[in-house]
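Q: Here you go, coords29.txt (compact mmCIF, C-alpha atoms):
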```
# COMPACT_ATOMS: atom_id res chain seq x y z
CA MET A 1 14.36 8.47 4.45
CA LYS A 2 10.80 9.15 3.31
CA ILE A 3 8.66 6.02 3.63
CA VAL A 4 5.17 5.65 2.15
CA ILE A 5 2.90 2.77 3.16
CA VAL A 6 -0.10 2.00 0.94
CA GLY A 7 -3.05 0.73 2.98
CA ALA A 8 -3.95 1.05 6.66
CA GLY A 9 -5.17 -2.47 7.28
CA VAL A 10 -3.54 -5.11 9.49
CA SER A 11 -0.45 -5.29 7.28
CA GLY A 12 -0.08 -1.54 6.81
CA CYS A 13 -0.47 -0.76 10.49
CA SER A 14 1.88 -3.53 11.58
CA ILE A 15 4.68 -2.53 9.18
CA TYR A 16 4.38 1.08 10.39
CA LEU A 17 4.79 0.02 14.02
CA SER A 18 7.56 -2.44 13.22
CA LEU A 19 9.60 0.10 11.26
CA GLN A 20 9.13 2.60 14.09
CA LYS A 21 10.50 0.06 16.53
CA HIS A 22 13.47 -1.29 14.57
CA LEU A 23 14.88 1.30 12.17
CA PRO A 24 17.93 3.22 13.39
CA ASN A 25 18.02 7.04 13.51
CA GLN A 26 14.24 7.45 13.76
CA ASP A 27 14.45 11.24 13.62
CA GLU A 28 15.78 10.93 10.05
CA HIS A 29 12.75 9.00 8.76
CA ASN A 30 9.35 10.30 7.69
CA TYR A 31 6.37 7.92 7.57
CA THR A 32 3.04 8.38 5.76
CA ILE A 33 0.25 5.84 5.36
CA TYR A 34 -2.18 6.42 2.48
CA GLU A 35 -5.56 4.76 3.04
CA ALA A 36 -8.26 5.06 0.38
CA TYR A 37 -11.19 4.85 2.81
CA ASP A 38 -11.91 7.40 5.50
CA THR A 39 -13.05 5.30 8.44
CA ALA A 40 -12.58 6.21 12.08
CA ARG A 41 -10.96 3.50 14.18
CA ASP A 42 -14.07 3.14 16.35
CA THR A 43 -16.41 2.67 13.39
CA THR A 44 -18.15 -0.69 13.37
CA PHE A 45 -19.48 -2.65 10.43
CA ARG A 46 -23.06 -1.50 10.99
CA GLU A 47 -22.06 2.16 11.38
CA ARG A 48 -20.20 2.58 8.12
CA PRO A 49 -21.71 4.94 5.52
CA ALA A 50 -24.01 3.34 2.97
CA SER A 51 -21.97 4.43 -0.04
CA THR A 52 -20.81 2.29 -2.93
CA GLU A 53 -17.17 3.21 -2.38
CA ASP A 54 -16.58 1.99 1.15
CA THR A 55 -17.16 -1.74 0.91
CA GLY A 56 -13.48 -2.52 0.46
CA SER A 57 -12.29 -0.53 3.44
CA ALA A 58 -9.44 -2.24 5.23
CA THR A 59 -10.66 -0.86 8.52
CA LEU A 60 -14.06 -2.53 8.72
CA VAL A 61 -15.33 -5.91 9.83
CA VAL A 62 -14.94 -7.40 6.37
CA GLY A 63 -14.53 -11.13 6.80
CA GLY A 64 -15.92 -11.24 10.34
CA GLY A 65 -13.69 -13.41 12.50
CA LEU A 66 -10.22 -14.87 12.16
CA GLY A 67 -7.82 -17.15 13.97
CA LEU A 68 -4.35 -15.97 14.94
CA GLY A 69 -1.81 -18.67 15.68
CA PRO A 70 1.07 -18.49 18.18
CA ASN A 71 3.52 -17.59 15.40
CA GLY A 72 1.54 -14.40 14.71
CA LEU A 73 0.86 -13.68 18.37
CA ASN A 74 4.56 -13.85 19.15
CA VAL A 75 5.32 -11.28 16.46
CA LEU A 76 2.96 -8.93 18.34
CA LYS A 77 4.55 -9.85 21.66
CA ARG A 78 8.03 -9.00 20.38
CA LEU A 79 6.74 -5.81 18.80
CA ASP A 80 4.97 -4.37 21.85
CA SER A 81 4.01 -6.19 25.05
CA SER A 82 1.07 -3.85 25.70
CA LEU A 83 -0.20 -4.40 22.14
CA TYR A 84 0.03 -8.15 22.70
CA GLN A 85 -1.95 -7.89 25.94
CA ASP A 86 -4.66 -5.81 24.25
CA VAL A 87 -4.96 -8.36 21.45
CA MET A 88 -5.17 -11.23 23.94
CA ARG A 89 -7.95 -9.45 25.83
CA SER A 90 -9.81 -8.98 22.55
CA GLY A 91 -9.79 -12.66 21.61
CA TYR A 92 -10.83 -16.14 22.71
CA PRO A 93 -7.99 -18.67 23.22
CA TYR A 94 -8.45 -22.12 21.70
CA SER A 95 -6.12 -25.08 21.92
CA ASN A 96 -7.70 -27.51 19.44
CA PHE A 97 -9.27 -27.80 16.03
CA GLN A 98 -12.09 -30.34 15.87
CA ILE A 99 -12.62 -31.55 12.30
CA LYS A 100 -16.06 -33.07 11.63
CA GLY A 101 -18.09 -34.34 8.72
CA ALA A 102 -21.57 -33.14 7.83
CA ASN A 103 -22.84 -36.57 8.88
CA GLY A 104 -21.78 -35.87 12.48
CA TRP A 105 -18.60 -37.93 12.50
CA THR A 106 -15.58 -36.49 14.33
CA LEU A 107 -12.82 -37.11 11.82
CA MET A 108 -9.76 -35.76 13.62
CA LYS A 109 -8.53 -33.37 16.27
CA VAL A 110 -5.52 -31.12 15.75
CA GLN A 111 -3.67 -29.12 18.36
CA ALA A 112 -3.72 -25.34 17.81
CA THR A 113 -0.99 -24.72 20.38
CA ALA A 114 2.75 -24.16 20.19
CA ASN A 115 5.56 -24.61 22.67
CA VAL A 116 7.22 -21.22 22.99
CA LYS A 117 10.37 -21.22 25.12
CA GLY A 118 9.03 -24.03 27.29
CA GLN A 119 5.47 -22.70 27.62
CA GLU A 120 2.37 -23.75 25.75
CA MET A 121 0.62 -20.93 23.85
CA ASP A 122 -2.89 -21.22 22.43
CA SER A 123 -4.23 -19.78 19.20
CA LEU A 124 -6.67 -16.87 19.42
CA ALA A 125 -10.08 -16.37 17.81
CA MET A 126 -11.13 -12.75 17.34
CA SER A 127 -12.84 -10.36 14.97
CA ARG A 128 -10.72 -8.89 12.24
CA HIS A 129 -11.80 -5.45 13.38
CA SER A 130 -10.45 -6.09 16.90
CA ILE A 131 -6.89 -6.84 15.85
CA TRP A 132 -6.94 -3.92 13.42
CA GLN A 133 -8.20 -1.59 16.14
CA CYS A 134 -5.45 -2.69 18.56
CA LEU A 135 -2.84 -1.83 15.92
CA ARG A 136 -4.54 1.36 14.75
CA ASP A 137 -4.80 2.74 18.30
CA ARG A 138 -1.00 3.01 18.37
CA ILE A 139 -0.70 5.07 15.19
CA PRO A 140 -1.19 8.85 15.34
CA ASN A 141 -3.97 10.21 13.15
CA SER A 142 -1.47 12.58 11.55
CA ALA A 143 0.40 9.62 10.03
CA ILE A 144 -2.61 8.49 7.95
CA ILE A 145 -3.87 10.44 4.92
CA ASN A 146 -7.11 9.40 3.25
CA LYS A 147 -6.25 9.42 -0.43
CA LYS A 148 -6.51 6.84 -3.18
CA ILE A 149 -3.24 6.28 -5.00
CA GLN A 150 -3.40 6.18 -8.77
CA GLN A 151 0.13 5.12 -9.66
CA VAL A 152 3.61 4.59 -8.28
CA ILE A 153 6.31 5.52 -10.81
CA PRO A 154 9.67 3.96 -9.92
CA HIS A 155 12.38 6.62 -9.72
CA GLY A 156 10.07 9.12 -11.39
CA GLY A 157 10.84 11.95 -8.98
CA ALA A 158 13.79 14.15 -8.15
CA LEU A 159 17.04 12.49 -7.04
CA GLY A 160 15.72 9.15 -8.25
CA ARG A 161 12.93 8.93 -5.70
CA HIS A 162 9.67 7.13 -6.47
CA LEU A 163 6.80 9.35 -7.62
CA ILE A 164 3.30 8.71 -6.27
CA THR A 165 0.24 10.17 -8.03
CA PHE A 166 -3.34 10.31 -6.73
CA VAL A 167 -6.77 9.69 -8.19
CA ASP A 168 -8.04 13.12 -7.09
CA GLY A 169 -5.36 14.89 -9.14
CA SER A 170 -3.64 16.42 -6.12
CA SER A 171 0.09 17.10 -6.17
CA PRO A 172 2.28 14.01 -6.44
CA VAL A 173 4.61 13.07 -3.61
CA GLU A 174 8.02 11.43 -3.62
CA ALA A 175 9.34 8.59 -1.48
CA ASP A 176 12.57 6.65 -0.99
CA LEU A 177 10.68 3.49 -0.04
CA VAL A 178 7.13 2.49 -1.00
CA ILE A 179 5.53 -0.45 0.82
CA GLY A 180 2.39 -1.89 -0.77
CA SER A 181 0.27 -3.45 1.96
CA ASP A 182 -3.17 -2.85 0.46
CA GLY A 183 -5.33 -5.85 1.33
CA LEU A 184 -7.97 -7.87 -0.48
CA LYS A 185 -11.48 -8.77 0.54
CA GLY A 186 -11.58 -12.15 1.85
CA LEU A 187 -15.46 -19.74 -3.32
CA VAL A 188 -17.80 -17.00 -1.50
CA GLY A 189 -18.74 -16.94 2.12
CA VAL A 190 -21.21 -15.71 4.69
CA GLY A 191 -20.73 -15.47 8.42
CA GLY A 192 -21.20 -13.44 11.52
CA PHE A 193 -21.68 -13.54 15.26
CA HIS A 194 -24.41 -15.36 17.21
CA PRO A 195 -25.37 -15.09 20.89
CA THR A 196 -24.67 -18.18 22.96
CA THR A 197 -27.63 -20.09 24.39
CA GLU A 198 -27.70 -22.84 27.00
CA SER A 199 -28.22 -25.46 24.32
CA LEU A 200 -25.27 -24.16 22.30
CA GLN A 201 -23.04 -24.20 25.37
CA ARG A 202 -23.90 -27.85 25.93
CA ASN A 203 -22.69 -28.72 22.44
CA ILE A 204 -19.59 -26.54 22.05
CA GLN A 205 -16.33 -27.66 23.58
CA PRO A 206 -14.55 -24.77 25.32
CA GLY A 207 -11.15 -23.94 23.85
CA THR A 208 -12.02 -25.60 20.54
CA MET A 209 -12.58 -24.35 17.01
CA THR A 210 -14.93 -26.70 15.16
CA ILE A 211 -14.57 -27.09 11.39
CA THR A 212 -17.12 -29.17 9.50
CA PHE A 213 -16.74 -30.40 5.91
CA GLY A 214 -19.62 -31.56 3.75
CA GLY A 215 -20.37 -32.37 0.16
CA ASN A 216 -21.73 -28.90 -0.53
CA GLY A 217 -19.58 -26.57 1.52
CA PHE A 218 -17.93 -25.90 4.85
CA PHE A 219 -19.08 -24.56 8.23
CA GLY A 220 -16.95 -23.37 11.14
CA TYR A 221 -17.61 -21.93 14.57
CA VAL A 222 -15.75 -20.91 17.72
CA TYR A 223 -16.46 -18.81 20.79
CA SER A 224 -15.68 -15.12 20.43
CA PRO A 225 -15.19 -12.94 23.51
CA SER A 226 -17.43 -10.07 24.48
CA PRO A 227 -17.26 -7.64 27.43
CA SER A 228 -19.92 -9.57 29.35
CA SER A 229 -18.44 -13.06 29.07
CA PRO A 230 -15.64 -14.78 27.15
CA GLU A 231 -18.10 -17.40 25.90
CA SER A 232 -21.23 -15.32 25.27
CA ILE A 233 -20.78 -14.90 21.51
CA ILE A 234 -20.10 -17.42 18.75
CA THR A 235 -18.24 -16.56 15.56
CA TRP A 236 -19.51 -18.66 12.65
CA TRP A 237 -18.84 -18.84 8.92
CA SER A 238 -20.02 -20.85 5.94
CA THR A 239 -18.01 -21.06 2.72
CA PHE A 240 -19.07 -22.72 -0.51
CA GLY A 241 -18.55 -22.76 -4.27
CA MET A 242 -20.62 -20.84 -6.82
CA GLU A 243 -20.44 -20.61 -10.59
CA GLU A 244 -20.70 -16.83 -10.49
CA CYS A 245 -19.86 -14.60 -7.55
CA PRO A 246 -22.73 -12.27 -6.56
CA ASP A 247 -22.27 -8.56 -6.01
CA PRO A 248 -22.37 -8.04 -2.19
CA LYS A 249 -23.91 -4.60 -2.69
CA THR A 250 -26.97 -5.88 -4.58
CA ALA A 251 -27.31 -9.49 -3.43
CA ASP A 252 -30.70 -10.61 -2.11
CA LYS A 253 -30.02 -11.13 1.61
CA ALA A 254 -33.22 -13.07 2.20
CA ALA A 255 -32.34 -15.46 -0.62
CA ILE A 256 -28.80 -15.87 0.71
CA THR A 257 -30.16 -16.66 4.19
CA GLN A 258 -32.54 -19.25 2.78
CA ASP A 259 -29.75 -20.75 0.69
CA LEU A 260 -27.62 -21.05 3.84
CA ARG A 261 -30.42 -22.97 5.58
CA ASP A 262 -31.06 -25.21 2.60
CA ARG A 263 -27.36 -25.97 2.14
CA HIS A 264 -26.85 -27.12 5.72
CA ALA A 265 -30.34 -28.46 6.40
CA ASN A 266 -29.22 -32.10 6.72
CA TRP A 267 -25.92 -31.50 8.51
CA GLN A 268 -25.87 -33.48 11.74
CA ASP A 269 -24.54 -30.88 14.15
CA PRO A 270 -26.97 -29.27 16.63
CA VAL A 271 -24.83 -26.13 16.81
CA ILE A 272 -25.05 -25.58 13.06
CA GLN A 273 -28.78 -26.27 13.09
CA GLU A 274 -29.48 -23.76 15.87
CA ILE A 275 -27.40 -21.05 14.21
CA ILE A 276 -28.93 -21.35 10.75
CA LYS A 277 -32.49 -21.39 12.08
CA SER A 278 -32.21 -17.99 13.76
CA VAL A 279 -29.60 -16.13 11.72
CA ASN A 280 -30.30 -13.46 9.12
CA VAL A 281 -27.36 -12.96 6.77
CA GLU A 282 -26.30 -9.34 6.42
CA THR A 283 -23.10 -9.68 4.39
CA MET A 284 -21.65 -11.88 1.69
CA TRP A 285 -18.13 -11.57 0.37
CA PRO A 286 -16.07 -13.23 -2.34
CA THR A 287 -12.78 -14.81 -1.34
CA TRP A 288 -9.94 -13.43 -3.42
CA THR A 289 -6.37 -14.62 -3.70
CA THR A 290 -3.46 -13.21 -5.67
CA PRO A 291 -1.74 -15.27 -8.34
CA GLU A 292 1.68 -16.52 -7.33
CA LEU A 293 3.86 -13.46 -7.92
CA PRO A 294 7.43 -14.08 -9.12
CA ILE A 295 8.77 -11.10 -7.15
CA TRP A 296 7.55 -9.00 -4.22
CA ASP A 297 9.88 -6.07 -4.74
CA LYS A 298 11.40 -3.91 -7.45
CA ASP A 299 13.77 -0.99 -7.05
CA GLY A 300 12.62 -0.03 -3.57
CA ILE A 301 8.92 -0.79 -4.02
CA VAL A 302 8.05 -3.70 -1.71
CA LEU A 303 4.85 -5.74 -1.35
CA LEU A 304 3.89 -7.21 2.02
CA GLY A 305 0.93 -9.20 3.36
CA ASP A 306 -2.06 -9.68 1.06
CA ALA A 307 -0.53 -7.42 -1.57
CA ALA A 308 2.21 -10.03 -2.03
CA HIS A 309 0.41 -13.25 -1.15
CA ALA A 310 -3.31 -13.23 -0.34
CA LEU A 311 -3.71 -16.68 1.22
CA PRO A 312 -7.07 -18.46 1.12
CA PRO A 313 -8.95 -18.41 4.46
CA THR A 314 -8.38 -22.18 4.65
CA SER A 315 -4.73 -21.46 5.48
CA GLY A 316 -5.71 -19.98 8.86
CA GLN A 317 -2.52 -17.93 8.47
CA GLY A 318 -3.45 -14.77 6.54
CA SER A 319 -3.00 -12.27 9.37
CA ALA A 320 -0.09 -14.17 10.93
CA GLN A 321 1.81 -14.13 7.65
CA ALA A 322 1.22 -10.39 7.25
CA LEU A 323 2.67 -9.90 10.73
CA GLU A 324 5.64 -12.15 9.92
CA ASP A 325 6.25 -10.12 6.76
CA SER A 326 6.35 -6.89 8.74
CA GLU A 327 8.83 -8.23 11.26
CA SER A 328 11.05 -9.84 8.64
CA PHE A 329 11.35 -6.82 6.35
CA SER A 330 11.79 -4.40 9.26
CA LEU A 331 14.62 -6.43 10.79
CA PHE A 332 16.45 -6.83 7.48
CA LEU A 333 16.04 -3.15 6.64
CA ALA A 334 17.23 -2.06 10.09
CA HIS A 335 20.34 -4.23 9.75
CA TYR A 336 21.31 -2.93 6.32
CA LEU A 337 20.53 0.71 7.13
CA LYS A 338 22.99 0.48 10.02
CA LYS A 339 25.53 -0.84 7.54
CA ALA A 340 24.76 2.06 5.17
CA HIS A 341 25.28 4.60 7.94
CA ARG A 342 28.67 3.05 8.82
CA ASN A 343 30.03 2.89 5.27
CA ASP A 344 30.00 6.63 4.43
CA GLY A 345 28.60 6.29 0.90
CA ASP A 346 30.07 2.97 -0.20
CA PHE A 347 26.76 1.31 0.67
CA SER A 348 23.76 3.66 0.35
CA GLU A 349 20.28 3.70 1.87
CA ARG A 350 18.96 2.67 -1.53
CA ASP A 351 21.34 -0.31 -1.50
CA ALA A 352 20.06 -1.15 1.99
CA VAL A 353 16.43 -1.13 0.86
CA GLN A 354 17.12 -3.31 -2.15
CA LEU A 355 19.21 -5.84 -0.23
CA ALA A 356 16.70 -5.99 2.62
CA ALA A 357 13.89 -6.68 0.14
CA LYS A 358 15.95 -9.39 -1.57
CA LYS A 359 16.80 -11.15 1.71
CA HIS A 360 13.22 -10.80 2.94
CA MET A 361 11.77 -12.50 -0.12
CA ALA A 362 14.38 -15.26 -0.11
CA LEU A 363 13.39 -16.12 3.46
CA ARG A 364 9.64 -15.62 3.23
CA TYR A 365 8.78 -17.00 -0.21
CA PRO A 366 9.36 -20.72 0.49
CA ARG A 367 7.33 -20.60 3.72
CA VAL A 368 4.38 -18.78 2.16
CA LYS A 369 4.46 -21.07 -0.89
CA VAL A 370 4.05 -24.18 1.29
CA LEU A 371 1.17 -22.58 3.21
CA LEU A 372 -0.52 -21.57 -0.05
CA GLU A 373 -0.24 -25.04 -1.57
CA LYS A 374 -1.73 -26.70 1.53
CA ALA A 375 -4.54 -24.13 1.67
CA GLN A 376 -5.36 -24.68 -2.00
CA GLN A 377 -5.65 -28.41 -1.35
CA ARG A 378 -8.11 -27.77 1.49
CA GLN A 379 -9.96 -25.26 -0.67
CA GLN A 380 -10.96 -28.05 -3.04
CA SER A 381 -12.92 -29.71 -0.23
CA LYS A 382 -15.33 -26.75 -0.16
CA LYS A 383 -16.54 -27.30 -3.71
CA LYS A 384 -19.67 -29.30 -4.44
CA MET A 385 -19.07 -33.05 -4.66
CA ASN A 386 -21.10 -36.21 -5.02
CA LEU A 387 -21.70 -38.72 -2.21
CA LEU A 388 -18.73 -40.91 -3.14
CA GLN A 389 -16.39 -37.92 -3.23
CA GLU A 390 -17.75 -36.66 0.09
CA TYR A 391 -17.20 -39.93 1.94
CA THR A 392 -13.79 -40.41 0.31
CA MET A 393 -12.88 -37.02 1.78
CA TYR A 394 -14.08 -38.15 5.22
CA ILE A 395 -11.98 -41.32 5.07
CA ILE A 396 -8.87 -39.39 4.00
CA LEU A 397 -9.30 -36.87 6.83
CA TRP A 398 -9.83 -39.68 9.35
CA LEU A 399 -6.70 -41.52 8.15
CA VAL A 400 -4.66 -38.31 8.29
CA GLY A 401 -5.82 -37.84 11.88
CA LYS A 402 -4.78 -41.36 12.81
CA LEU A 403 -1.42 -41.36 11.05
CA SER A 404 -0.22 -37.77 11.48
CA PRO A 405 1.88 -36.59 14.46
CA ALA A 406 0.18 -35.18 17.55
CA ASN A 407 0.51 -31.64 16.25
CA PRO A 408 0.90 -31.57 12.45
CA ALA A 409 0.78 -27.77 12.54
CA LYS A 410 3.72 -27.55 14.96
CA ALA A 411 6.25 -26.30 12.39
CA VAL A 412 3.91 -23.49 11.33
CA LEU A 413 2.79 -22.41 14.79
CA GLU A 414 6.19 -22.56 16.53
CA TYR A 415 7.97 -20.61 13.80
CA ASP A 416 9.97 -17.69 15.19
CA MET A 417 10.39 -15.01 12.53
CA SER A 418 12.94 -13.04 14.54
CA GLU A 419 15.21 -16.04 15.02
CA GLU A 420 14.99 -16.95 11.32
CA VAL A 421 16.11 -13.46 10.30
CA GLN A 422 19.00 -13.53 12.79
CA THR A 423 20.09 -16.89 11.40
CA VAL A 424 20.25 -15.46 7.88
CA LEU A 425 22.21 -12.43 9.05
CA ALA A 426 24.59 -14.57 11.12
CA ASP A 427 25.40 -16.69 8.05
CA GLU A 428 26.63 -13.53 6.28
CA ASN A 429 29.36 -12.97 8.88
```
Please rewrite the model in this file as structure tokens.

A:
Amino acid sequence: MKIVIVGAGVSGCSIYLSLQKHLPNQDEHNYTIYEAYDTARDTTFRERPASTEDTGSATLVVGGGLGLGPNGLNVLKRLDSSLYQDVMRSGYPYSNFQIKGANGWTLMKVQATANVKGQEMDSLAMSRHSIWQCLRDRIPNSAIINKKIQQVIPHGGALGRHLITFVDGSSPVEADLVIGSDGLKGLVGVGGFHPTTESLQRNIQPGTMTITFGGNGFFGYVYSPSPSSPESIITWWSTFGMEECPDPKTADKAAITQDLRDRHANWQDPVIQEIIKSVNVETMWPTWTTPELPIWDKDGIVLLGDAAHALPPTSGQGSAQALEDSESFSLFLAHYLKKAHRNDGDFSERDAVQLAAKKHMALRYPRVKVLLEKAQQRQQSKKKMNLLQEYTMYIILWLVGKLSPANPAKAVLEYDMSEEVQTVLADEN
């Protein structure tokens, strides 16, 4: 079977590795990843070419840092233990979210841990580039072709295969399965990394991600590991609402930096104050989400990760859900391909692809929908509000902290994608 993956970001790389691990008869499958941007895996954000075409590259430090919960980490652990260890070494473990108000109040604390087979597992803070690099290091260069796809024509090729055309006019290619995993850049936001000082260390709780809400935006920070010390760098981000999104290529960086300082000038957190006084903003990106798509597959063309459901950053689950998608679809496809190989033509590889996609969406859609709805609710708290609205938000968050269970995120973080798939397959027998 010829398999084409569109996009070499976190989702594209993870589905490649997952298919390689799970599909039967590997010598019968051919894999190609098409990535529009030619970026070496060791390229950093500051080293990328200053062209107007590269700002969407899935392989760069777009978005800065991210948090990966135990549900996503365990997908990596099941996929490849050495990959999991590399990711863990690249990140900073945290066990709690501390939710604060701009007035300095601590509104609630939420556990960021999950009990996995009797052991507590923390969440992990890391740069987006780090997790991508850990995945990309395990994919041979020969599997990735730098070309921008123009169109995918369902069953437009010989023998009913899908036909893929390219922007550069080069010869089309055919595929039995096309997986769209092309990501989106991910209100507007600025952020980056800041060296840790003695005063910052005094005010940051180890193993904690701090999230602060205010009437004119949102500010978060957490330690981020570096080779010299696991607590020598701080990842920070500020997200806020604007009437019109600026163009990141032409935006006035000095004005954006000053706006950051003005916006948080009265926020009562010494960490925020120290960061905004010394930082110079280098990047600014819009936050995009996809509309709720009614289907993620059609006739052997399957969407995974951001291509299917770009969650707002407030979900804290974007990368984890891309990883869950990869594991889910790979396991379903592996199961039905084995059935196709046993049935001698009564059940074809094409049938296997279509049934795997159908089962995958039936399992994944309800979970992603709940995460999206909760993230959209939190997204509203980042828009500008008056004083009454701001303090009403504080009271609601405080009450939620008092009345909610010890770990309200438990169901999300302890979710085992592999077990869920096996449960679905067991019910068929």

Q: How many Å separate CA of Pro408 (chain A) from CA of Ala112 (chain A)?

A: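 Here the two named atoms are 9.4 Å from each other.
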
Q: CA of Met1 (chain A) and CA of Leu337 (chain A) are how many Å apart?

A: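 Those two atoms sit 10.3 Å apart.
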
Q: So the first atom is CA of Leu387 (chain A) and the second is CA of His264 (chain A); what is the distance between them in Å, to one decimal place?

A: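 That distance, rounded to one decimal, is 15.0 Å.
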
Q: Could you pull the residues within 6 Å of region 92-107 of chain A, counting only C-alpha atoms, minus those fewer than 2 positions along the same chain, as number ranges by chain?

A: A: 109-113, 122-125, 207-214, 224-225, 267-269, 398

Q: Measuring between only C-alpha atoms, which one of A:Lys384, A:His129, A:His29, A:Arg78 shows the shortest distance to Ser319 (chain A)?

A: A:His129

Q: Which of these, A:Gly305, A:Gly91, A:Gly192, A:Gly156, has the shortest distance to Ile179 (chain A) once you count only C-alpha atoms?

A: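 Of the candidates, the smallest distance to Ile179 (chain A) is held by A:Gly305.
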
Q: For Leu135 (chain A), which residue out of A:Tyr16, A:Trp236, A:Tyr223, A:Phe329 is the nearest one, using all atoms listed in the file?

A: A:Tyr16

Q: Need the shell around Phe193 (chain A): protein/DNA/RNA residues with any atom at most 10 Å away, counting only C-alpha atoms. Skip same-chain ones fewer than 3 positions apart. Format as a VMD selection string?

A: chain A and resid 64 to 65 127 196 221 to 224 233 to 237 275 279

Q: Nearest residue to Ala352 (chain A) out of A:Leu23, A:Val368, A:Ile395, A:Leu66, using all atoms listed in the file?

A: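 Of A:Leu23, A:Val368, A:Ile395, A:Leu66, the one nearest Ala352 (chain A), counting all atoms listed in the file, is A:Leu23.
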
Q: Taking all atoms listed in the file into account, name the residue in A:Gly9, A:Pro195, A:Gly316, A:Ile144 that is nearest to Gly220 (chain A).

A: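 When distances to Gly220 (chain A) are compared using all atoms listed in the file, the smallest one comes from A:Gly316.
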
Q: Residues near region 416-418 of chain A, anyone? I mean within 10 Å using all atoms listed in the file, not counting same-chain ones fewer than 2 positions away, as number ranges by chain.

A: A: 70-72, 74-75, 78, 116, 321, 323-328, 331, 363-364, 411-414, 420-423

Q: Compile the contact shell of Thr32 (chain A) as an NGL selection string: residues with an atom at most 10 Å away, counting only C-alpha atoms, same-chain residues fewer than 5 positions apart removed.

A: :A and (2-6 or 16 or 142-145 or 175 or 178)

Q: Would you kindly return, as an mmCIF file with C-alpha atoms, in the frame of the given file, each protein, DNA or RNA residue with an atom no farther than 12 Å from any atom of Val353 (chain A), considering all atoms listed in the file and excluding same-chain residues fewer than 4 positions away?

A:
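Contents of the output file out17.cif:
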```cif
data_model
loop_
_atom_site.group_PDB
_atom_site.id
_atom_site.type_symbol
_atom_site.label_atom_id
_atom_site.label_comp_id
_atom_site.auth_asym_id
_atom_site.auth_seq_id
_atom_site.Cartn_x
_atom_site.Cartn_y
_atom_site.Cartn_z
ATOM 1 C CA MET A 1 14.360 8.470 4.450
ATOM 2 C CA LYS A 2 10.800 9.150 3.310
ATOM 3 C CA ILE A 3 8.660 6.020 3.630
ATOM 4 C CA LEU A 23 14.880 1.300 12.170
ATOM 5 C CA ASP A 176 12.570 6.650 -0.990
ATOM 6 C CA LEU A 177 10.680 3.490 -0.040
ATOM 7 C CA VAL A 178 7.130 2.490 -1.000
ATOM 8 C CA ILE A 179 5.530 -0.450 0.820
ATOM 9 C CA ASP A 297 9.880 -6.070 -4.740
ATOM 10 C CA LYS A 298 11.400 -3.910 -7.450
ATOM 11 C CA ASP A 299 13.770 -0.990 -7.050
ATOM 12 C CA GLY A 300 12.620 -0.030 -3.570
ATOM 13 C CA ILE A 301 8.920 -0.790 -4.020
ATOM 14 C CA VAL A 302 8.050 -3.700 -1.710
ATOM 15 C CA PHE A 329 11.350 -6.820 6.350
ATOM 16 C CA SER A 330 11.790 -4.400 9.260
ATOM 17 C CA LEU A 331 14.620 -6.430 10.790
ATOM 18 C CA PHE A 332 16.450 -6.830 7.480
ATOM 19 C CA LEU A 333 16.040 -3.150 6.640
ATOM 20 C CA ALA A 334 17.230 -2.060 10.090
ATOM 21 C CA HIS A 335 20.340 -4.230 9.750
ATOM 22 C CA TYR A 336 21.310 -2.930 6.320
ATOM 23 C CA LEU A 337 20.530 0.710 7.130
ATOM 24 C CA LYS A 338 22.990 0.480 10.020
ATOM 25 C CA LYS A 339 25.530 -0.840 7.540
ATOM 26 C CA ALA A 340 24.760 2.060 5.170
ATOM 27 C CA PHE A 347 26.760 1.310 0.670
ATOM 28 C CA SER A 348 23.760 3.660 0.350
ATOM 29 C CA GLU A 349 20.280 3.700 1.870
ATOM 30 C CA ALA A 357 13.890 -6.680 0.140
ATOM 31 C CA LYS A 358 15.950 -9.390 -1.570
ATOM 32 C CA LYS A 359 16.800 -11.150 1.710
ATOM 33 C CA HIS A 360 13.220 -10.800 2.940
#
```

Q: Looking at A:Ser130, A:Ser404, A:Asn25, A:Ser11, which one is nearest to Gly180 (chain A), with distances taken over only C-alpha atoms?

A: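 Of all the options, A:Ser11 lies closest to Gly180 (chain A).
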